[in-house]
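Each remark here refers to the structure printed beneath this line.
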Amino acid sequence: MKLDLIGDWFRTHYSVDVTPSMDGEEVTLFGWVREIRDLGGIRFLILQDREGTIQVTILRKEVGSEVSSKSDILQKRYSIGVKGTVKKTEMTPRGVEVVPKEIKVLATATPQLPIDIAGKTPAKLDVRLDARALDLSQEKNIAIFKIQHTALNAIRVFLFEKGFIEVHTPRIIASATEGGAALFSFDYFKRKAFLAQSPQLYKEQLVMSLEKVFEVGPFFRAEESHTRIHSSEFVSIDIEQAFADAEEVMKLLEWLTQYVCETVVGRCQKELSTLKHKIKVPEVPFRRLTYDEVLHNLKRENIEVPWGEDIPTTALRTLGKIHPYFFFITDWPTHCKAFYIKPRDDNPTICEGFDLMWSWIELVSGGTRIATKELLIKRLGEKGLNPESFRHHLQAFDYGMPPHAGWAIGLGRLTMMLTGKRNIREVTLYPRDKFRLTP
RNA sequence: GCCCUGGUAGUAUAGUCCGGUCUAGUAUUAGCGGCUGUCGCCCGCUGGACCCGGGUUCAAAUCCCGGCCAGGGCGCCA
């Protein structure tokens, strides 16, 4: 089939910008055919674009034969341009329709689509992910990523306002940054290199110069973890701040969390209602539970966690029922946390690391960092890591490393919270996990 | 990596426990035809499936074994 050329057409409006008050105006719209309802002498096209949908009404007798025959060949997901007249009407939910004067077919689509884009027969997530490019065109998915976009924008606005500088640290690294998590390795000009699991060491070094930095970017973990809150590739929002401690960055974090919720509630009403999700704007300060208090809480629920152990998921789920929204867990045993988290001066068995929980899910983790070389080397040793492989990082501590603190938010988990989705794959454009490498 | 549950047309499901009635049902999608106000349009017709391999049996979608894949959970992991 011969396609039309876009020629000198340009879009005058998105679908949702066409309103009843524009009655009689000529508009040019681009988008995709979402539905066709053909009643014989009259045919309704639902044109979808990024912002929504609008009905294009084709009365056979009244449109020219060219429009009429062009509309005969249309099928779902054909990409089209429509030039036509806005008509105010009582007969559509939006109060408007467009009567076409000219239709251009810009792309065709296969007749039997792999998923039902109108959503009558919803496909399972795995099937949707296999046809992700098409799946993402569904209104619900567009809503998810608009909310994510709005949240991310709010985060940037907030952090810029607070004087943070956006940075980009390497994804390609020479050795493990944190120990613990497994890294992906690959060939780098005949040397072995790794994909970064975190910007941790770099962002710490940057507080020596830029003082307050943040980074938004993907990181990689070769974990066996196959759960609905883990991905092999995930986007992290990291901050690091000089001359600050955990308490200060926790305050920043709770204000930021509140601001993000407010902003999304304020700007994404349409998307939230598409997703049938409500966001409660949290009050600050968030509840702060110490690790010991968490253990007591759990004991009352007949869950015994020995002091010093990490809290297992099952226990976190119980805790999440007691505290269903945001709360901090502070005063962790030092050895539960990464080597760079600062032990408390008055009691080195516990540390200044914290987690921000959203119910049972860890949304953010952070803390005061160790700022002296000797202590850092000691902690590396205790974690079974070889200080020699951190040589370049440790050297930074010879040049005036100030006290500093920071945290990292998992963007996927944040988006789950904001959209009500229960699987991180749903809020990831092209998720990567142990079993999925495509599309 | 472990545990549980599952895998039936393009999609979503019924049937599986207790083998035969399954020539595999339904909805939707797709193809064709009809219809001038639909908005999950409607009506008629036509297509289209038992994850792969092996076994038991007169007979397997159904039972058994192995594999692959998926969902949930755990462990690992921020």
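Ligands are numbered from 1 in the order shown, chains are lettered A, B, ... in the order of the structure tokens, and residues start at 1 in each chain.
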Using only C-alpha atoms (C1' of nucleotides), find which residues of chain B lie within 10 Å of chain A and jot them down as a ChimeraX atom specification.
/B:1,10-12,27-31,34-42,69-78
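Every protein, DNA or RNA residue with an atom at most 9 Å from stretch 261-274 of chain A, where only C-alpha atoms (C1' of nucleotides) count and chain neighbours fewer than 5 positions away do not, is listed here: Glu139, Lys140, Ile142, Ala143, Ile144, Lys146, Ile147, Gln148, Thr150, Ala151, Ala154, Leu256, Ile279, Lys280, Val281, Pro282, Leu418 and Thr419 of chain A.
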Using all heavy atoms, can you write the selected residues to a file as a tab-separated table (two decimals), in the first residue's frame?
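Okay, result-v5.tsv is ready:
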```
chain	number	residue	atom	x	y	z
A	139	GLU	N	-3.08	3.99	27.04
A	139	GLU	CA	-3.26	5.17	27.88
A	139	GLU	C	-2.70	4.98	29.29
A	139	GLU	O	-2.08	5.89	29.85
A	139	GLU	CB	-4.76	5.46	27.97
A	139	GLU	CG	-5.10	6.91	27.79
A	139	GLU	CD	-6.61	7.12	27.74
A	139	GLU	OE1	-7.36	6.15	27.52
A	139	GLU	OE2	-7.02	8.28	27.93
A	140	LYS	N	-2.94	3.81	29.85
A	140	LYS	CA	-2.47	3.56	31.21
A	140	LYS	C	-0.96	3.63	31.32
A	140	LYS	O	-0.42	4.11	32.30
A	140	LYS	CB	-2.92	2.16	31.68
A	140	LYS	CG	-4.38	2.10	32.04
A	140	LYS	CD	-4.75	0.70	32.49
A	140	LYS	CE	-6.24	0.64	32.79
A	140	LYS	NZ	-6.68	-0.71	33.13
A	142	ILE	N	1.05	5.28	29.20
A	142	ILE	CA	1.47	6.67	28.99
A	142	ILE	C	1.31	7.43	30.32
A	142	ILE	O	2.18	8.21	30.70
A	142	ILE	CB	0.65	7.32	27.85
A	142	ILE	CG1	1.03	6.65	26.52
A	142	ILE	CG2	0.89	8.82	27.80
A	142	ILE	CD1	0.20	7.09	25.33
A	143	ALA	N	0.24	7.14	31.03
A	143	ALA	CA	0.00	7.80	32.32
A	143	ALA	C	1.13	7.50	33.30
A	143	ALA	O	1.62	8.40	33.99
A	143	ALA	CB	-1.34	7.35	32.90
A	144	ILE	N	1.57	6.25	33.34
A	144	ILE	CA	2.65	5.88	34.25
A	144	ILE	C	3.90	6.71	33.98
A	144	ILE	O	4.51	7.27	34.88
A	144	ILE	CB	3.00	4.37	34.12
A	144	ILE	CG1	1.88	3.52	34.70
A	144	ILE	CG2	4.33	4.05	34.81
A	144	ILE	CD1	2.00	2.02	34.40
A	146	LYS	N	4.20	9.49	32.28
A	146	LYS	CA	4.01	10.93	32.50
A	146	LYS	C	4.15	11.25	33.98
A	146	LYS	O	4.71	12.29	34.35
A	146	LYS	CB	2.64	11.37	32.00
A	146	LYS	CG	2.62	11.61	30.50
A	146	LYS	CD	1.30	12.24	30.14
A	146	LYS	CE	1.22	12.56	28.67
A	146	LYS	NZ	-0.15	12.93	28.29
A	147	ILE	N	3.63	10.38	34.81
A	147	ILE	CA	3.78	10.59	36.26
A	147	ILE	C	5.24	10.50	36.65
A	147	ILE	O	5.76	11.33	37.40
A	147	ILE	CB	2.91	9.57	37.04
A	147	ILE	CG1	1.44	9.94	36.91
A	147	ILE	CG2	3.33	9.53	38.52
A	147	ILE	CD1	0.47	8.91	37.46
A	148	GLN	N	5.93	9.52	36.09
A	148	GLN	CA	7.36	9.39	36.39
A	148	GLN	C	8.12	10.66	35.95
A	148	GLN	O	8.96	11.17	36.67
A	148	GLN	CB	7.93	8.16	35.70
A	148	GLN	CG	9.38	7.91	36.09
A	148	GLN	CD	9.90	6.60	35.51
A	148	GLN	OE1	10.19	6.51	34.32
A	148	GLN	NE2	10.01	5.59	36.34
A	150	THR	N	6.89	13.66	35.61
A	150	THR	CA	6.51	14.78	36.49
A	150	THR	C	7.28	14.69	37.81
A	150	THR	O	7.77	15.70	38.33
A	150	THR	CB	4.99	14.77	36.74
A	150	THR	OG1	4.33	14.83	35.48
A	150	THR	CG2	4.56	15.93	37.62
A	151	ALA	N	7.39	13.48	38.34
A	151	ALA	CA	8.11	13.27	39.60
A	151	ALA	C	9.59	13.64	39.44
A	151	ALA	O	10.16	14.34	40.26
A	151	ALA	CB	7.96	11.83	40.06
A	154	ALA	N	10.04	17.27	39.23
A	154	ALA	CA	9.88	17.89	40.56
A	154	ALA	C	11.16	17.70	41.38
A	154	ALA	O	11.61	18.61	42.08
A	154	ALA	CB	8.69	17.28	41.29
A	256	LEU	N	11.57	16.57	50.15
A	256	LEU	CA	11.53	16.22	48.72
A	256	LEU	C	10.39	15.24	48.43
A	256	LEU	O	9.64	15.42	47.47
A	256	LEU	CB	12.87	15.60	48.29
A	256	LEU	CG	12.90	15.02	46.87
A	256	LEU	CD1	12.67	16.11	45.83
A	256	LEU	CD2	14.21	14.30	46.59
A	279	ILE	N	-2.86	9.35	45.58
A	279	ILE	CA	-1.64	9.55	46.35
A	279	ILE	C	-1.97	10.42	47.56
A	279	ILE	O	-2.59	11.47	47.43
A	279	ILE	CB	-0.56	10.27	45.51
A	279	ILE	CG1	-0.17	9.43	44.31
A	279	ILE	CG2	0.66	10.59	46.37
A	279	ILE	CD1	0.71	10.17	43.31
A	280	LYS	N	-1.56	9.95	48.70
A	280	LYS	CA	-1.73	10.75	49.91
A	280	LYS	C	-0.45	11.58	50.10
A	280	LYS	O	0.65	11.02	50.10
A	280	LYS	CB	-1.95	9.83	51.10
A	280	LYS	CG	-2.45	10.54	52.34
A	280	LYS	CD	-2.71	9.52	53.46
A	280	LYS	CE	-1.81	9.85	54.63
A	280	LYS	NZ	-1.48	8.69	55.45
A	281	VAL	N	-0.59	12.89	50.20
A	281	VAL	CA	0.60	13.72	50.44
A	281	VAL	C	0.99	13.55	51.91
A	281	VAL	O	0.21	13.83	52.80
A	281	VAL	CB	0.30	15.20	50.12
A	281	VAL	CG1	1.53	16.06	50.44
A	281	VAL	CG2	-0.10	15.37	48.66
A	282	PRO	N	2.21	13.05	52.16
A	282	PRO	CA	2.60	12.75	53.53
A	282	PRO	C	2.94	14.01	54.32
A	282	PRO	O	3.34	15.01	53.74
A	282	PRO	CB	3.86	11.89	53.34
A	282	PRO	CG	4.45	12.37	52.06
A	282	PRO	CD	3.29	12.77	51.19
A	418	LEU	N	3.95	5.99	43.29
A	418	LEU	CA	3.16	7.08	42.72
A	418	LEU	C	2.06	6.59	41.78
A	418	LEU	O	1.12	7.34	41.50
A	418	LEU	CB	4.08	8.05	41.97
A	418	LEU	CG	5.08	8.83	42.85
A	418	LEU	CD1	6.10	9.54	41.98
A	418	LEU	CD2	4.37	9.81	43.76
A	419	THR	N	2.19	5.38	41.27
A	419	THR	CA	1.22	4.89	40.29
A	419	THR	C	0.37	3.73	40.80
A	419	THR	O	-0.58	3.32	40.13
A	419	THR	CB	1.94	4.40	39.01
A	419	THR	OG1	2.85	3.35	39.38
A	419	THR	CG2	2.68	5.52	38.32
```
Counting only C-alpha atoms (C1' of nucleotides), what is within 12 Å of A:Phe186, bar same-chain residues fewer than 3 positions away, as a VMD selection string?
chain A and resid 172 to 175 183 189 to 196
Would you export the selected residues with N, CA, C and O atoms as an mmCIF file, in the first residue's frame, please?
```
data_model
loop_
_atom_site.group_PDB
_atom_site.id
_atom_site.type_symbol
_atom_site.label_atom_id
_atom_site.label_comp_id
_atom_site.auth_asym_id
_atom_site.auth_seq_id
_atom_site.Cartn_x
_atom_site.Cartn_y
_atom_site.Cartn_z
ATOM 1 N N ILE A 172 31.193 2.858 33.346
ATOM 2 C CA ILE A 172 32.234 1.850 33.132
ATOM 3 C C ILE A 172 33.257 2.002 34.234
ATOM 4 O O ILE A 172 33.838 3.080 34.395
ATOM 5 N N ILE A 173 33.453 0.954 35.009
ATOM 6 C CA ILE A 173 34.367 1.054 36.135
ATOM 7 C C ILE A 173 35.345 -0.115 36.135
ATOM 8 O O ILE A 173 35.108 -1.140 35.493
ATOM 9 N N ALA A 174 36.439 0.060 36.884
ATOM 10 C CA ALA A 174 37.513 -0.933 36.850
ATOM 11 C C ALA A 174 37.356 -2.007 37.916
ATOM 12 O O ALA A 174 37.830 -3.121 37.752
ATOM 13 N N SER A 175 36.709 -1.667 39.036
ATOM 14 C CA SER A 175 36.551 -2.687 40.070
ATOM 15 C C SER A 175 35.308 -2.399 40.888
ATOM 16 O O SER A 175 34.704 -1.335 40.781
ATOM 17 N N LEU A 183 28.518 -7.751 40.017
ATOM 18 C CA LEU A 183 28.632 -6.834 38.895
ATOM 19 C C LEU A 183 28.606 -7.579 37.567
ATOM 20 O O LEU A 183 28.977 -8.742 37.483
ATOM 21 N N PHE A 189 38.694 -2.968 25.848
ATOM 22 C CA PHE A 189 40.003 -2.903 25.200
ATOM 23 C C PHE A 189 40.964 -3.929 25.793
ATOM 24 O O PHE A 189 42.048 -3.595 26.260
ATOM 25 N N LYS A 190 40.491 -5.162 25.824
ATOM 26 C CA LYS A 190 41.282 -6.289 26.309
ATOM 27 C C LYS A 190 41.523 -6.279 27.828
ATOM 28 O O LYS A 190 42.320 -7.068 28.331
ATOM 29 N N ARG A 191 40.884 -5.363 28.521
ATOM 30 C CA ARG A 191 40.916 -5.446 29.974
ATOM 31 C C ARG A 191 39.524 -5.796 30.457
ATOM 32 O O ARG A 191 38.539 -5.623 29.745
ATOM 33 N N LYS A 192 39.452 -6.242 31.691
ATOM 34 C CA LYS A 192 38.152 -6.556 32.249
ATOM 35 C C LYS A 192 37.588 -5.307 32.901
ATOM 36 O O LYS A 192 38.279 -4.633 33.674
ATOM 37 N N ALA A 193 36.375 -4.972 32.567
ATOM 38 C CA ALA A 193 35.728 -3.813 33.186
ATOM 39 C C ALA A 193 34.353 -4.229 33.682
ATOM 40 O O ALA A 193 33.877 -5.340 33.378
ATOM 41 N N PHE A 194 33.717 -3.353 34.427
ATOM 42 C CA PHE A 194 32.418 -3.675 35.012
ATOM 43 C C PHE A 194 31.431 -2.546 34.774
ATOM 44 O O PHE A 194 31.823 -1.387 34.600
ATOM 45 N N LEU A 195 30.173 -2.897 34.802
ATOM 46 C CA LEU A 195 29.124 -1.877 34.779
ATOM 47 C C LEU A 195 28.888 -1.428 36.217
ATOM 48 O O LEU A 195 28.790 -2.252 37.127
ATOM 49 N N ALA A 196 28.780 -0.129 36.393
ATOM 50 C CA ALA A 196 28.671 0.426 37.749
ATOM 51 C C ALA A 196 27.377 -0.015 38.423
ATOM 52 O O ALA A 196 26.319 -0.078 37.806
#
```
Pick out the residues sitting within 12 Å of B:C68, and hand them over as a compact mmCIF listing (two decimals) with N, CA, C and O atoms (P, O5', C5', C4', C3', O3' and C1' of nucleotides), in the first residue's frame; count only C-alpha atoms (C1' of nucleotides), and ignore anything fewer than 6 positions along from it in its own chain.
```
# COMPACT_ATOMS: atom_id res chain seq x y z
N PHE A 435 16.01 -13.06 33.35
CA PHE A 435 15.46 -13.82 32.23
C PHE A 435 15.08 -12.98 31.03
O PHE A 435 14.77 -13.51 29.97
P G B 7 -2.23 -24.44 33.37
O5' G B 7 -1.26 -23.62 32.42
C5' G B 7 -1.64 -22.31 31.97
C4' G B 7 -0.63 -21.86 30.94
C3' G B 7 -0.67 -22.65 29.64
O3' G B 7 -0.37 -21.79 28.55
C1' G B 7 1.47 -22.82 30.61
P C B 51 -0.33 -26.85 26.05
O5' C B 51 0.94 -26.60 25.15
C5' C B 51 1.12 -25.35 24.49
C4' C B 51 2.58 -25.09 24.33
C3' C B 51 3.42 -26.33 24.03
O3' C B 51 3.40 -26.65 22.65
C1' C B 51 4.44 -25.07 25.75
P C B 52 3.53 -28.18 22.22
O5' C B 52 5.08 -28.48 22.42
C5' C B 52 6.06 -27.82 21.65
C4' C B 52 7.43 -28.31 22.06
C3' C B 52 7.59 -29.82 22.12
O3' C B 52 7.86 -30.38 20.84
C1' C B 52 8.45 -28.88 24.09
P G B 53 7.36 -31.87 20.54
O5' G B 53 8.28 -32.79 21.46
C5' G B 53 9.66 -32.94 21.15
C4' G B 53 10.34 -33.76 22.20
C3' G B 53 9.71 -35.12 22.51
O3' G B 53 10.02 -36.11 21.55
C1' G B 53 10.30 -34.04 24.53
```
Which of stretch 160-358 of chain A fall in strand (DSSP E or B), as a ChimeraX atom specification
/A:165-166,172-173,185-188,191-195,212-220,233-242,287-290,326-330,333,341,343,350-351,353-358
Applying 8 Å and only C-alpha atoms (C1' of nucleotides), which residues near A:Ser15 remain after dropping the ones on its own chain fewer than 5 positions away? List them as a compact mmCIF listing (two decimals) with all heavy atoms, in the first residue's frame.
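Written output follows (selection32.txt):
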```txt
# COMPACT_ATOMS: atom_id res chain seq x y z
N LEU A 29 -4.44 17.23 12.90
CA LEU A 29 -4.11 16.32 14.00
C LEU A 29 -3.27 15.16 13.47
O LEU A 29 -3.45 14.73 12.33
CB LEU A 29 -5.40 15.74 14.62
CG LEU A 29 -6.45 16.76 15.08
CD1 LEU A 29 -7.73 16.04 15.47
CD2 LEU A 29 -5.94 17.60 16.23
N LEU A 47 -9.13 8.75 17.26
CA LEU A 47 -7.73 9.09 16.99
C LEU A 47 -7.02 9.29 18.32
O LEU A 47 -7.48 10.06 19.17
CB LEU A 47 -7.67 10.38 16.17
CG LEU A 47 -6.26 10.91 15.88
CD1 LEU A 47 -5.57 10.07 14.83
CD2 LEU A 47 -6.31 12.37 15.44
N GLN A 48 -5.91 8.59 18.49
CA GLN A 48 -5.17 8.71 19.74
C GLN A 48 -3.81 9.35 19.49
O GLN A 48 -3.14 9.03 18.51
CB GLN A 48 -4.96 7.32 20.36
CG GLN A 48 -4.19 7.37 21.66
CD GLN A 48 -3.81 6.00 22.19
OE1 GLN A 48 -3.83 5.01 21.46
NE2 GLN A 48 -3.47 5.93 23.46
N ASP A 49 -3.44 10.26 20.35
CA ASP A 49 -2.07 10.74 20.35
C ASP A 49 -1.55 10.68 21.77
O ASP A 49 -2.21 10.11 22.64
CB ASP A 49 -1.96 12.15 19.74
CG ASP A 49 -2.79 13.18 20.49
OD1 ASP A 49 -3.06 12.98 21.69
OD2 ASP A 49 -3.19 14.19 19.86
N GLU A 51 -1.43 12.71 24.10
CA GLU A 51 -2.18 13.40 25.14
C GLU A 51 -3.58 12.86 25.37
O GLU A 51 -4.23 13.24 26.33
CB GLU A 51 -2.25 14.90 24.80
CG GLU A 51 -0.89 15.56 24.60
CD GLU A 51 -0.01 15.51 25.85
OE1 GLU A 51 -0.56 15.53 26.96
OE2 GLU A 51 1.23 15.42 25.71
N GLY A 52 -4.09 12.05 24.46
CA GLY A 52 -5.45 11.55 24.66
C GLY A 52 -6.08 11.10 23.35
O GLY A 52 -5.39 10.66 22.44
N THR A 53 -7.41 11.25 23.28
CA THR A 53 -8.11 10.80 22.08
C THR A 53 -9.13 11.84 21.65
O THR A 53 -9.56 12.68 22.43
CB THR A 53 -8.88 9.49 22.34
OG1 THR A 53 -9.79 9.69 23.42
CG2 THR A 53 -7.95 8.34 22.66
N ILE A 54 -9.53 11.73 20.39
CA ILE A 54 -10.63 12.55 19.89
C ILE A 54 -11.35 11.76 18.80
O ILE A 54 -10.73 10.95 18.11
CB ILE A 54 -10.15 13.92 19.36
CG1 ILE A 54 -11.37 14.80 19.05
CG2 ILE A 54 -9.23 13.75 18.13
CD1 ILE A 54 -11.07 16.26 18.97
```
